[in-house]
Each structure stands twice: as structure tokens, then as C-alpha cells.
$ cat run06.txt   # compact mmCIF, N, CA and C atoms
# COMPACT_ATOMS: atom_id res chain seq x y z
N MET P 23 -42.92 -31.87 -10.35
CA MET P 23 -43.07 -30.47 -10.59
C MET P 23 -41.68 -29.85 -10.73
N GLU P 24 -41.50 -29.15 -11.80
CA GLU P 24 -40.19 -28.57 -12.11
C GLU P 24 -40.16 -27.12 -11.67
N SER P 25 -39.12 -26.75 -10.95
CA SER P 25 -38.96 -25.37 -10.50
C SER P 25 -38.09 -24.63 -11.50
N ARG P 26 -38.56 -23.50 -11.95
CA ARG P 26 -37.81 -22.71 -12.92
C ARG P 26 -37.45 -21.36 -12.29
N LEU P 27 -36.27 -20.95 -12.59
CA LEU P 27 -35.79 -19.65 -12.11
C LEU P 27 -36.22 -18.58 -13.10
N THR P 28 -36.89 -17.57 -12.63
CA THR P 28 -37.33 -16.51 -13.52
C THR P 28 -36.13 -15.63 -13.89
N PRO P 29 -36.18 -14.94 -15.03
CA PRO P 29 -35.07 -14.05 -15.41
C PRO P 29 -34.80 -12.98 -14.36
N ALA P 30 -35.84 -12.44 -13.77
CA ALA P 30 -35.64 -11.41 -12.75
C ALA P 30 -34.91 -11.97 -11.54
N SER P 31 -35.25 -13.18 -11.13
CA SER P 31 -34.56 -13.81 -10.00
C SER P 31 -33.11 -14.07 -10.32
N ALA P 32 -32.83 -14.49 -11.54
CA ALA P 32 -31.45 -14.74 -11.96
C ALA P 32 -30.63 -13.46 -11.95
N ILE P 33 -31.20 -12.37 -12.46
CA ILE P 33 -30.49 -11.09 -12.49
C ILE P 33 -30.26 -10.58 -11.07
N ILE P 34 -31.25 -10.68 -10.23
CA ILE P 34 -31.09 -10.24 -8.83
C ILE P 34 -30.01 -11.07 -8.14
N GLY P 35 -29.99 -12.37 -8.38
CA GLY P 35 -28.96 -13.23 -7.81
C GLY P 35 -27.57 -12.85 -8.28
N LEU P 36 -27.42 -12.55 -9.58
CA LEU P 36 -26.12 -12.16 -10.13
C LEU P 36 -25.67 -10.80 -9.58
N VAL P 37 -26.60 -9.86 -9.45
CA VAL P 37 -26.26 -8.55 -8.89
C VAL P 37 -25.81 -8.70 -7.43
N LEU P 38 -26.52 -9.50 -6.67
CA LEU P 38 -26.13 -9.72 -5.27
C LEU P 38 -24.76 -10.40 -5.17
N ALA P 39 -24.50 -11.35 -6.06
CA ALA P 39 -23.19 -12.02 -6.07
C ALA P 39 -22.08 -11.03 -6.43
N ALA P 40 -22.34 -10.14 -7.39
CA ALA P 40 -21.35 -9.13 -7.76
C ALA P 40 -21.10 -8.15 -6.61
N LEU P 41 -22.16 -7.74 -5.92
CA LEU P 41 -21.99 -6.85 -4.77
C LEU P 41 -21.21 -7.52 -3.65
N LEU P 42 -21.47 -8.78 -3.41
CA LEU P 42 -20.74 -9.52 -2.39
C LEU P 42 -19.26 -9.65 -2.77
N ALA P 43 -18.98 -9.92 -4.04
CA ALA P 43 -17.59 -10.02 -4.49
C ALA P 43 -16.88 -8.67 -4.35
N GLY P 44 -17.55 -7.58 -4.72
CA GLY P 44 -16.96 -6.26 -4.58
C GLY P 44 -16.68 -5.90 -3.13
N ALA P 45 -17.62 -6.22 -2.25
CA ALA P 45 -17.43 -5.94 -0.83
C ALA P 45 -16.27 -6.76 -0.26
N THR P 46 -16.14 -7.99 -0.71
CA THR P 46 -15.04 -8.85 -0.26
C THR P 46 -13.70 -8.29 -0.70
N LEU P 47 -13.60 -7.84 -1.95
CA LEU P 47 -12.35 -7.26 -2.46
C LEU P 47 -12.01 -5.96 -1.73
N LEU P 48 -13.01 -5.13 -1.49
CA LEU P 48 -12.78 -3.89 -0.77
C LEU P 48 -12.29 -4.17 0.65
N HIS P 49 -12.91 -5.13 1.32
CA HIS P 49 -12.47 -5.50 2.67
C HIS P 49 -11.02 -5.99 2.66
N ALA P 50 -10.66 -6.80 1.67
CA ALA P 50 -9.28 -7.29 1.58
C ALA P 50 -8.31 -6.14 1.35
N ALA P 51 -8.71 -5.15 0.56
CA ALA P 51 -7.82 -4.03 0.26
C ALA P 51 -7.59 -3.12 1.46
N ILE P 52 -8.60 -2.93 2.29
CA ILE P 52 -8.44 -2.00 3.42
C ILE P 52 -8.06 -2.69 4.73
N SER P 53 -7.97 -4.01 4.71
CA SER P 53 -7.68 -4.71 5.96
C SER P 53 -6.19 -4.74 6.30
N ARG P 54 -5.35 -4.18 5.46
CA ARG P 54 -3.92 -4.11 5.74
C ARG P 54 -3.61 -2.88 6.58
N PRO P 55 -2.57 -2.92 7.38
CA PRO P 55 -2.20 -1.74 8.19
C PRO P 55 -1.79 -0.55 7.30
N ALA P 56 -1.94 0.64 7.84
CA ALA P 56 -1.57 1.87 7.13
C ALA P 56 -0.70 2.73 8.04
N LEU P 57 0.23 3.45 7.43
CA LEU P 57 1.16 4.27 8.21
C LEU P 57 0.76 5.73 8.29
N GLY P 58 -0.15 6.20 7.46
CA GLY P 58 -0.55 7.61 7.49
C GLY P 58 0.46 8.52 6.83
N VAL P 59 1.31 7.96 5.99
CA VAL P 59 2.27 8.75 5.23
C VAL P 59 2.19 8.33 3.76
N VAL P 60 2.72 9.19 2.90
CA VAL P 60 2.74 8.91 1.46
C VAL P 60 4.19 8.84 1.02
N PHE P 61 4.54 7.75 0.36
CA PHE P 61 5.87 7.58 -0.22
C PHE P 61 5.76 7.88 -1.71
N THR P 62 6.69 8.67 -2.24
CA THR P 62 6.75 8.96 -3.68
C THR P 62 8.19 8.87 -4.14
N ALA P 63 8.37 8.63 -5.42
CA ALA P 63 9.71 8.61 -6.00
C ALA P 63 9.84 9.80 -6.95
N ASP P 64 10.98 10.51 -6.86
CA ASP P 64 11.18 11.62 -7.77
C ASP P 64 11.92 11.14 -9.03
N GLN P 65 12.23 12.07 -9.92
CA GLN P 65 12.85 11.72 -11.20
C GLN P 65 14.21 11.05 -11.03
N SER P 66 14.92 11.38 -9.96
CA SER P 66 16.24 10.80 -9.74
C SER P 66 16.17 9.40 -9.14
N GLY P 67 14.95 8.96 -8.75
CA GLY P 67 14.79 7.65 -8.13
C GLY P 67 14.83 7.69 -6.62
N ALA P 68 15.00 8.89 -6.06
CA ALA P 68 14.99 9.03 -4.61
C ALA P 68 13.57 8.89 -4.10
N VAL P 69 13.41 8.20 -2.99
CA VAL P 69 12.10 8.01 -2.38
C VAL P 69 11.91 9.08 -1.32
N ARG P 70 10.75 9.73 -1.36
CA ARG P 70 10.43 10.79 -0.40
C ARG P 70 9.19 10.40 0.38
N VAL P 71 9.07 10.93 1.59
CA VAL P 71 7.91 10.67 2.45
C VAL P 71 7.32 11.99 2.88
N ALA P 72 6.00 12.00 3.01
CA ALA P 72 5.28 13.18 3.49
C ALA P 72 4.03 12.69 4.21
N PRO P 73 3.47 13.52 5.08
CA PRO P 73 2.21 13.11 5.72
C PRO P 73 1.13 12.89 4.67
N ALA P 74 0.27 11.93 4.90
CA ALA P 74 -0.83 11.67 3.98
C ALA P 74 -1.80 12.85 4.01
N PRO P 75 -2.41 13.17 2.87
CA PRO P 75 -3.39 14.25 2.88
C PRO P 75 -4.50 13.97 3.88
N GLY P 76 -4.83 14.96 4.67
CA GLY P 76 -5.88 14.80 5.67
C GLY P 76 -5.38 14.29 7.01
N ASP P 77 -4.15 13.78 7.07
CA ASP P 77 -3.60 13.31 8.33
C ASP P 77 -2.81 14.45 8.98
N ASP P 78 -2.93 14.56 10.26
CA ASP P 78 -2.27 15.62 10.99
C ASP P 78 -1.06 15.04 11.73
N GLN P 79 -0.07 14.60 10.98
CA GLN P 79 1.13 14.01 11.59
C GLN P 79 2.28 15.00 11.46
N ALA P 80 2.44 15.85 12.45
CA ALA P 80 3.51 16.82 12.43
C ALA P 80 4.86 16.17 12.70
N THR P 81 4.86 14.88 13.07
CA THR P 81 6.11 14.21 13.41
C THR P 81 6.94 13.90 12.17
N ILE P 82 6.32 13.88 11.01
CA ILE P 82 7.07 13.57 9.79
C ILE P 82 6.97 14.76 8.85
N SER P 83 8.10 15.14 8.28
CA SER P 83 8.10 16.23 7.30
C SER P 83 8.60 15.66 5.99
N ALA P 84 8.34 16.38 4.92
CA ALA P 84 8.76 15.91 3.60
C ALA P 84 10.27 15.73 3.60
N SER P 85 10.72 14.50 3.43
CA SER P 85 12.14 14.17 3.50
C SER P 85 12.46 13.02 2.57
N ARG P 86 13.75 12.84 2.31
CA ARG P 86 14.22 11.72 1.51
C ARG P 86 14.38 10.49 2.41
N VAL P 87 13.76 9.39 2.02
CA VAL P 87 13.77 8.17 2.82
C VAL P 87 14.98 7.32 2.47
N ILE P 88 15.63 6.81 3.50
CA ILE P 88 16.73 5.87 3.30
C ILE P 88 16.22 4.45 3.55
N ALA P 89 15.45 4.27 4.63
CA ALA P 89 15.00 2.92 5.01
C ALA P 89 13.83 3.02 5.96
N ILE P 90 13.22 1.88 6.22
CA ILE P 90 12.25 1.78 7.31
C ILE P 90 12.75 0.68 8.24
N ARG P 91 12.38 0.82 9.51
CA ARG P 91 12.82 -0.14 10.52
C ARG P 91 11.59 -0.64 11.27
N GLY P 92 11.49 -1.95 11.39
CA GLY P 92 10.37 -2.56 12.08
C GLY P 92 10.60 -2.68 13.57
N ASN P 93 9.59 -3.14 14.29
CA ASN P 93 9.69 -3.34 15.74
C ASN P 93 10.78 -4.34 16.09
N ASN P 94 11.04 -5.28 15.18
CA ASN P 94 12.05 -6.30 15.44
C ASN P 94 13.47 -5.79 15.19
N GLY P 95 13.60 -4.51 14.82
CA GLY P 95 14.92 -3.93 14.56
C GLY P 95 15.42 -4.13 13.15
N ARG P 96 14.69 -4.87 12.34
CA ARG P 96 15.10 -5.12 10.97
C ARG P 96 14.96 -3.85 10.14
N THR P 97 16.02 -3.50 9.42
CA THR P 97 16.03 -2.31 8.58
C THR P 97 15.91 -2.74 7.13
N PHE P 98 15.09 -2.00 6.38
CA PHE P 98 14.83 -2.34 4.98
C PHE P 98 14.99 -1.08 4.14
N ALA P 99 15.94 -1.10 3.20
CA ALA P 99 16.17 0.05 2.32
C ALA P 99 15.04 0.14 1.29
N ILE P 100 14.41 1.30 1.21
CA ILE P 100 13.31 1.53 0.27
C ILE P 100 13.88 1.97 -1.07
N GLU P 101 13.35 1.39 -2.14
CA GLU P 101 13.75 1.75 -3.50
C GLU P 101 12.53 2.29 -4.25
N ALA P 102 12.78 3.07 -5.29
CA ALA P 102 11.69 3.61 -6.09
C ALA P 102 10.83 2.50 -6.68
N GLY P 103 11.42 1.38 -7.03
CA GLY P 103 10.68 0.26 -7.61
C GLY P 103 9.69 -0.37 -6.65
N ASP P 104 9.85 -0.12 -5.36
CA ASP P 104 8.91 -0.66 -4.37
C ASP P 104 7.56 0.05 -4.41
N LEU P 105 7.49 1.19 -5.10
CA LEU P 105 6.30 2.03 -5.06
C LEU P 105 5.40 1.88 -6.28
N ILE P 106 5.74 1.00 -7.21
CA ILE P 106 4.90 0.89 -8.41
C ILE P 106 3.56 0.25 -8.05
N GLU P 107 2.51 0.68 -8.75
CA GLU P 107 1.17 0.17 -8.48
C GLU P 107 0.89 -1.12 -9.24
N GLU P 108 1.46 -1.25 -10.42
CA GLU P 108 1.17 -2.40 -11.27
C GLU P 108 2.45 -3.14 -11.62
N PRO P 109 2.72 -4.27 -10.97
CA PRO P 109 3.97 -4.99 -11.26
C PRO P 109 4.01 -5.63 -12.64
N ASP P 110 2.88 -5.66 -13.35
CA ASP P 110 2.91 -6.25 -14.70
C ASP P 110 3.67 -5.38 -15.69
N THR P 111 4.10 -4.19 -15.27
CA THR P 111 4.91 -3.34 -16.14
C THR P 111 6.40 -3.70 -16.06
N LEU P 112 6.77 -4.58 -15.15
CA LEU P 112 8.17 -4.99 -15.02
C LEU P 112 8.58 -5.82 -16.23
N ALA P 113 9.86 -5.71 -16.60
CA ALA P 113 10.34 -6.29 -17.85
C ALA P 113 10.46 -7.82 -17.82
N THR P 114 10.90 -8.39 -16.71
CA THR P 114 11.16 -9.83 -16.68
C THR P 114 10.49 -10.48 -15.48
N TYR P 115 10.38 -11.80 -15.55
CA TYR P 115 9.84 -12.54 -14.41
C TYR P 115 10.76 -12.44 -13.20
N ALA P 116 12.06 -12.34 -13.43
CA ALA P 116 13.00 -12.17 -12.32
C ALA P 116 12.73 -10.85 -11.60
N ASP P 117 12.43 -9.80 -12.37
CA ASP P 117 12.09 -8.51 -11.75
C ASP P 117 10.81 -8.64 -10.94
N MET P 118 9.84 -9.37 -11.45
CA MET P 118 8.58 -9.55 -10.73
C MET P 118 8.79 -10.34 -9.44
N ARG P 119 9.60 -11.41 -9.50
CA ARG P 119 9.88 -12.19 -8.30
C ARG P 119 10.57 -11.33 -7.25
N ARG P 120 11.53 -10.51 -7.68
CA ARG P 120 12.23 -9.61 -6.75
C ARG P 120 11.24 -8.61 -6.14
N PHE P 121 10.36 -8.06 -6.96
CA PHE P 121 9.36 -7.11 -6.48
C PHE P 121 8.47 -7.76 -5.42
N PHE P 122 7.96 -8.96 -5.71
CA PHE P 122 7.06 -9.62 -4.76
C PHE P 122 7.79 -10.01 -3.48
N ALA P 123 9.05 -10.40 -3.58
CA ALA P 123 9.83 -10.73 -2.38
C ALA P 123 10.02 -9.48 -1.52
N ARG P 124 10.30 -8.34 -2.16
CA ARG P 124 10.47 -7.09 -1.41
C ARG P 124 9.15 -6.65 -0.78
N GLN P 125 8.03 -6.83 -1.49
CA GLN P 125 6.73 -6.47 -0.94
C GLN P 125 6.40 -7.32 0.28
N THR P 126 6.76 -8.59 0.23
CA THR P 126 6.54 -9.47 1.37
C THR P 126 7.36 -9.00 2.58
N ALA P 127 8.61 -8.63 2.34
CA ALA P 127 9.46 -8.14 3.43
C ALA P 127 8.91 -6.83 4.00
N LEU P 128 8.44 -5.94 3.14
CA LEU P 128 7.85 -4.69 3.61
C LEU P 128 6.60 -4.94 4.43
N THR P 129 5.78 -5.89 4.00
CA THR P 129 4.56 -6.23 4.73
C THR P 129 4.91 -6.73 6.12
N ASP P 130 5.94 -7.54 6.23
CA ASP P 130 6.35 -8.05 7.54
C ASP P 130 6.76 -6.91 8.47
N ILE P 131 7.38 -5.89 7.94
CA ILE P 131 7.81 -4.76 8.76
C ILE P 131 6.61 -3.89 9.14
N ILE P 132 5.74 -3.60 8.19
CA ILE P 132 4.62 -2.70 8.44
C ILE P 132 3.57 -3.32 9.35
N ASP P 133 3.53 -4.65 9.43
CA ASP P 133 2.55 -5.32 10.28
C ASP P 133 2.76 -5.06 11.76
N GLY P 134 3.87 -4.46 12.16
CA GLY P 134 4.11 -4.18 13.58
C GLY P 134 3.30 -3.00 14.07
N LYS P 135 3.40 -2.71 15.36
CA LYS P 135 2.65 -1.60 15.95
C LYS P 135 3.14 -0.24 15.49
N SER P 136 4.45 -0.13 15.26
CA SER P 136 5.00 1.13 14.76
C SER P 136 6.16 0.82 13.83
N VAL P 137 6.50 1.81 13.04
CA VAL P 137 7.58 1.68 12.06
C VAL P 137 8.46 2.90 12.20
N GLY P 138 9.76 2.69 12.16
CA GLY P 138 10.69 3.80 12.14
C GLY P 138 11.03 4.14 10.71
N ILE P 139 10.87 5.41 10.34
CA ILE P 139 11.22 5.85 8.98
C ILE P 139 12.52 6.62 9.09
N VAL P 140 13.57 6.09 8.45
CA VAL P 140 14.90 6.70 8.50
C VAL P 140 15.02 7.62 7.29
N VAL P 141 15.23 8.92 7.56
CA VAL P 141 15.32 9.92 6.49
C VAL P 141 16.65 10.65 6.58
N ILE P 142 16.98 11.29 5.48
CA ILE P 142 18.18 12.14 5.43
C ILE P 142 17.71 13.54 5.06
N ASP P 143 18.23 14.54 5.78
CA ASP P 143 17.80 15.91 5.50
C ASP P 143 18.78 16.62 4.57
N GLU P 144 18.53 17.90 4.34
CA GLU P 144 19.34 18.69 3.40
C GLU P 144 20.80 18.79 3.82
N THR P 145 21.07 18.70 5.12
CA THR P 145 22.43 18.81 5.62
C THR P 145 23.19 17.49 5.55
N GLY P 146 22.48 16.41 5.22
CA GLY P 146 23.12 15.11 5.12
C GLY P 146 23.03 14.28 6.40
N SER P 147 22.40 14.82 7.42
CA SER P 147 22.28 14.04 8.65
C SER P 147 21.01 13.18 8.59
N THR P 148 21.10 12.03 9.24
CA THR P 148 19.97 11.11 9.24
C THR P 148 19.24 11.17 10.57
N ARG P 149 17.96 10.87 10.52
CA ARG P 149 17.16 10.78 11.74
C ARG P 149 16.07 9.75 11.50
N GLU P 150 15.57 9.21 12.58
CA GLU P 150 14.52 8.21 12.49
C GLU P 150 13.28 8.74 13.22
N THR P 151 12.15 8.63 12.55
CA THR P 151 10.88 9.06 13.12
C THR P 151 9.98 7.85 13.25
N ALA P 152 9.45 7.63 14.43
CA ALA P 152 8.52 6.52 14.64
C ALA P 152 7.12 6.93 14.21
N VAL P 153 6.50 6.08 13.41
CA VAL P 153 5.14 6.31 12.94
C VAL P 153 4.31 5.12 13.35
N SER P 154 3.20 5.38 14.04
CA SER P 154 2.31 4.29 14.46
C SER P 154 1.48 3.83 13.28
N SER P 155 1.33 2.52 13.17
CA SER P 155 0.52 2.00 12.08
C SER P 155 -0.93 1.88 12.54
N GLU P 156 -1.82 2.23 11.64
CA GLU P 156 -3.25 2.08 11.88
C GLU P 156 -3.65 0.67 11.48
N PRO P 157 -4.62 0.07 12.16
CA PRO P 157 -4.97 -1.32 11.85
C PRO P 157 -5.60 -1.51 10.47
N ARG P 158 -6.19 -0.45 9.92
CA ARG P 158 -6.86 -0.54 8.61
C ARG P 158 -6.44 0.62 7.73
N ARG P 159 -6.41 0.36 6.45
CA ARG P 159 -6.11 1.40 5.47
C ARG P 159 -7.39 2.17 5.16
N PRO P 160 -7.35 3.51 5.20
CA PRO P 160 -8.55 4.27 4.84
C PRO P 160 -8.91 4.06 3.37
N ILE P 161 -10.19 4.04 3.08
CA ILE P 161 -10.63 3.84 1.69
C ILE P 161 -10.08 4.93 0.79
N ARG P 162 -9.95 6.15 1.30
CA ARG P 162 -9.45 7.26 0.47
C ARG P 162 -8.01 7.04 0.00
N ASP P 163 -7.27 6.15 0.66
CA ASP P 163 -5.89 5.87 0.28
C ASP P 163 -5.75 4.87 -0.86
N LEU P 164 -6.83 4.24 -1.25
CA LEU P 164 -6.75 3.27 -2.34
C LEU P 164 -6.45 4.00 -3.65
N PRO P 165 -5.50 3.52 -4.43
CA PRO P 165 -5.13 4.23 -5.67
C PRO P 165 -6.23 4.11 -6.73
N SER P 166 -6.17 4.99 -7.70
CA SER P 166 -7.18 4.99 -8.76
C SER P 166 -7.17 3.67 -9.52
N ALA P 167 -6.03 3.01 -9.60
CA ALA P 167 -5.96 1.72 -10.30
C ALA P 167 -6.83 0.67 -9.63
N PHE P 168 -7.10 0.84 -8.34
CA PHE P 168 -7.98 -0.11 -7.65
C PHE P 168 -9.42 0.04 -8.14
N TRP P 169 -9.83 1.27 -8.39
CA TRP P 169 -11.23 1.55 -8.74
C TRP P 169 -11.52 1.39 -10.22
N VAL P 170 -10.53 1.65 -11.06
CA VAL P 170 -10.75 1.65 -12.51
C VAL P 170 -9.68 0.79 -13.18
N ARG P 171 -10.13 -0.13 -13.97
CA ARG P 171 -9.18 -0.93 -14.77
C ARG P 171 -9.21 -0.39 -16.18
N SER P 172 -8.08 0.05 -16.69
CA SER P 172 -8.01 0.63 -18.03
C SER P 172 -7.82 -0.43 -19.11
N ARG P 173 -7.47 -1.64 -18.72
CA ARG P 173 -7.26 -2.68 -19.73
C ARG P 173 -8.33 -3.72 -19.64
$ encode --input "run06.txt" --output "C-alpha cells"
Amino acid sequence: MESRLTPASAIIGLVLAALLAGATLLHAAISRPALGVVFTADQSGAVRVAPAPGDDQATISASRVIAIRGNNGRTFAIEAGDLIEEPDTLATYADMRRFFARQTALTDIIDGKSVGIVVIDETGSTRETAVSSEPRRPIRDLPSAFWVRSR
């Protein structure tokens, strides 16, 4: 006796597989730690930090970022290129390797319990603000490129 899969069963199986794959990708995206701040680069290439929308972190104000410091004391200078969403826009493979190496170093720093954000104010003086990392990234923080692929 031969068992045949009906078209409806096949479609239901494919839909369930797609939902499982989507849930797995979403879990992977939000399972990284989050700092509750937003980093942006201005036209001059300076990196700025501000509290994330919806977060009530009065400890950080909109400032120019010089570096971040991890629990291990390691300091890492932030560059505008560290903030791109799609590394496939980089010109060369060497640029991509440098980008991925910097992202790995940033991940190592952010994985700690807290991160020090070193900023410079309008007067030129520097200060460091400790920001506690959350164990998971909120879904609202995922960029639009995560939800929609234009290519």
C-alpha cells in the first residue's frame, strides 16, 4: 500500500516549516545583548549616542562618542563604518574582513554586564557613562532591513 501526501498536507507542512524558520531567525536576532542606546553617524563621520526611543535612561545624553569600554577594561574606538546595516555595500573584501573583525570585537565588549560609553562634550572634556546591557534585544530595535529585503 502506497502512502501519498495530499497537496493540502504538503502546503501545510511547507507553511509550518517557513514559520519555524522565521521564528528561529527572529530568536537569533533578538538573543544578543542590547544597551538601550542608539548610535548614529553624522555627515562628518562623528558617531553620536542617544537614549533609545522608549527607554528612560537619563544617564546618557546626546553626545559624541569616542569609544566604548568593556568590563575587562578594553577600550574600543567607535567609527562611523561600524554602524552600517549591510556590509555588502563595502568596496573590497579587505574592507569586509575589517568590518567583521571590528564587529566581533564589539560583540566581545557588549557581551559583558555593563559597558562604559566614553563621550566628549561641547567643551572638549571627556566622560564615561556606564550603561547596563539587557540580556535580549527588543524586537522594536530590529532595523527595517531585517524585516524587508529590497533585493
$ closest_residue --input "run06.txt" --among "P:Ala99, P:Ala30, P:Ala72, P:Ala56" --to "P:Ser85" --atoms "only C-alpha atoms"
P:Ala72
$ residues_around --input "run06.txt" --residues "P:Leu105" --least-positions-apart "4" --cutoff "7 Å" --atoms "all atoms listed in the file" --output "number ranges by chain"
P: 61, 63, 101
$ select_by_dssp --input "run06.txt" --residues "chain P" --states "strand (DSSP E or B)" --output "PyMOL selection string"
chain P and resi 56+59-63+69-73+85-91+97-99+136-142+148-154+156
$ atom_distance --input "run06.txt" --atom1 "atom CA of P:Ala68" --atom2 "atom CA of P:Ile100"
9.1 Å
$ closest_residue --input "run06.txt" --among "P:Thr114, P:Ser166, P:Thr62, P:Thr129" --to "P:Gly92" --atoms "only C-alpha atoms"
P:Thr129
$ atom_distance --input "run06.txt" --atom1 "atom CA of P:Leu36" --atom2 "atom N of P:Leu48"
17.2 Å
$ closest_residue --input "run06.txt" --among "P:Asn93, P:Glu156, P:Gly44, P:Asp163" --to "P:Ile131" --atoms "only C-alpha atoms"
P:Asn93
$ residues_around --input "run06.txt" --residues "P:Ala50" --least-positions-apart "4" --cutoff "12 Å" --atoms "only C-alpha atoms" --output "list in words"
Ala43, Gly44, Ala45, Thr46, Arg54, Pro55, Arg158, Arg159, Ile161, Leu164 and Phe168 of chain P
$ write_last_selection --input "run06.txt" --atoms "N, CA and C atoms" --output "PDB file, in the frame of the given file"
ATOM      1  N   ALA P  43     -18.980  -9.920  -4.040  1.00  0.00           N
ATOM      2  CA  ALA P  43     -17.590 -10.020  -4.490  1.00  0.00           C
ATOM      3  C   ALA P  43     -16.880  -8.670  -4.350  1.00  0.00           C
ATOM      4  N   GLY P  44     -17.550  -7.580  -4.720  1.00  0.00           N
ATOM      5  CA  GLY P  44     -16.960  -6.260  -4.580  1.00  0.00           C
ATOM      6  C   GLY P  44     -16.680  -5.900  -3.130  1.00  0.00           C
ATOM      7  N   ALA P  45     -17.620  -6.220  -2.250  1.00  0.00           N
ATOM      8  CA  ALA P  45     -17.430  -5.940  -0.830  1.00  0.00           C
ATOM      9  C   ALA P  45     -16.270  -6.760  -0.260  1.00  0.00           C
ATOM     10  N   THR P  46     -16.140  -7.990  -0.710  1.00  0.00           N
ATOM     11  CA  THR P  46     -15.040  -8.850  -0.260  1.00  0.00           C
ATOM     12  C   THR P  46     -13.700  -8.290  -0.700  1.00  0.00           C
ATOM     13  N   ARG P  54      -5.350  -4.180   5.460  1.00  0.00           N
ATOM     14  CA  ARG P  54      -3.920  -4.110   5.740  1.00  0.00           C
ATOM     15  C   ARG P  54      -3.610  -2.880   6.580  1.00  0.00           C
ATOM     16  N   PRO P  55      -2.570  -2.920   7.380  1.00  0.00           N
ATOM     17  CA  PRO P  55      -2.200  -1.740   8.190  1.00  0.00           C
ATOM     18  C   PRO P  55      -1.790  -0.550   7.300  1.00  0.00           C
ATOM     19  N   ARG P 158      -6.190  -0.450   9.920  1.00  0.00           N
ATOM     20  CA  ARG P 158      -6.860  -0.540   8.610  1.00  0.00           C
ATOM     21  C   ARG P 158      -6.440   0.620   7.730  1.00  0.00           C
ATOM     22  N   ARG P 159      -6.410   0.360   6.450  1.00  0.00           N
ATOM     23  CA  ARG P 159      -6.110   1.400   5.470  1.00  0.00           C
ATOM     24  C   ARG P 159      -7.390   2.170   5.160  1.00  0.00           C
ATOM     25  N   ILE P 161     -10.190   4.040   3.080  1.00  0.00           N
ATOM     26  CA  ILE P 161     -10.630   3.840   1.690  1.00  0.00           C
ATOM     27  C   ILE P 161     -10.080   4.930   0.790  1.00  0.00           C
ATOM     28  N   LEU P 164      -6.830   4.240  -1.250  1.00  0.00           N
ATOM     29  CA  LEU P 164      -6.750   3.270  -2.340  1.00  0.00           C
ATOM     30  C   LEU P 164      -6.450   4.000  -3.650  1.00  0.00           C
ATOM     31  N   PHE P 168      -7.100   0.840  -8.340  1.00  0.00           N
ATOM     32  CA  PHE P 168      -7.980  -0.110  -7.650  1.00  0.00           C
ATOM     33  C   PHE P 168      -9.420   0.040  -8.140  1.00  0.00           C
TER      34      PHE P 168
END
$ residues_around --input "run06.txt" --residues "stretch 139-150 of chain P" --least-positions-apart "6" --cutoff "10 Å" --atoms "only C-alpha atoms" --output "list in words"
Val69, Arg70, Val71, Ile82, Ser83, Ala84, Ser85, Arg86, Val87, Ile88, Ala89, Ile90, Arg91, Gly92, Thr97, Phe98, Ala99 and Ile100 of chain P
$ atom_distance --input "run06.txt" --atom1 "atom C of P:Pro157" --atom2 "atom CA of P:Leu128"
15.4 Å
$ residues_around --input "run06.txt" --residues "P:Asp104" --least-positions-apart "2" --cutoff "8 Å" --atoms "only N, CA and C atoms" --output "list in words"
Ile100, Glu101, Ala102, Ile106, Glu107, Phe121, Arg124 and Gln125 of chain P
$ closest_residue --input "run06.txt" --among "P:Pro109, P:Pro160, P:Pro73, P:Gly138" --to "P:Ile52" --atoms "all atoms listed in the file"
P:Pro160
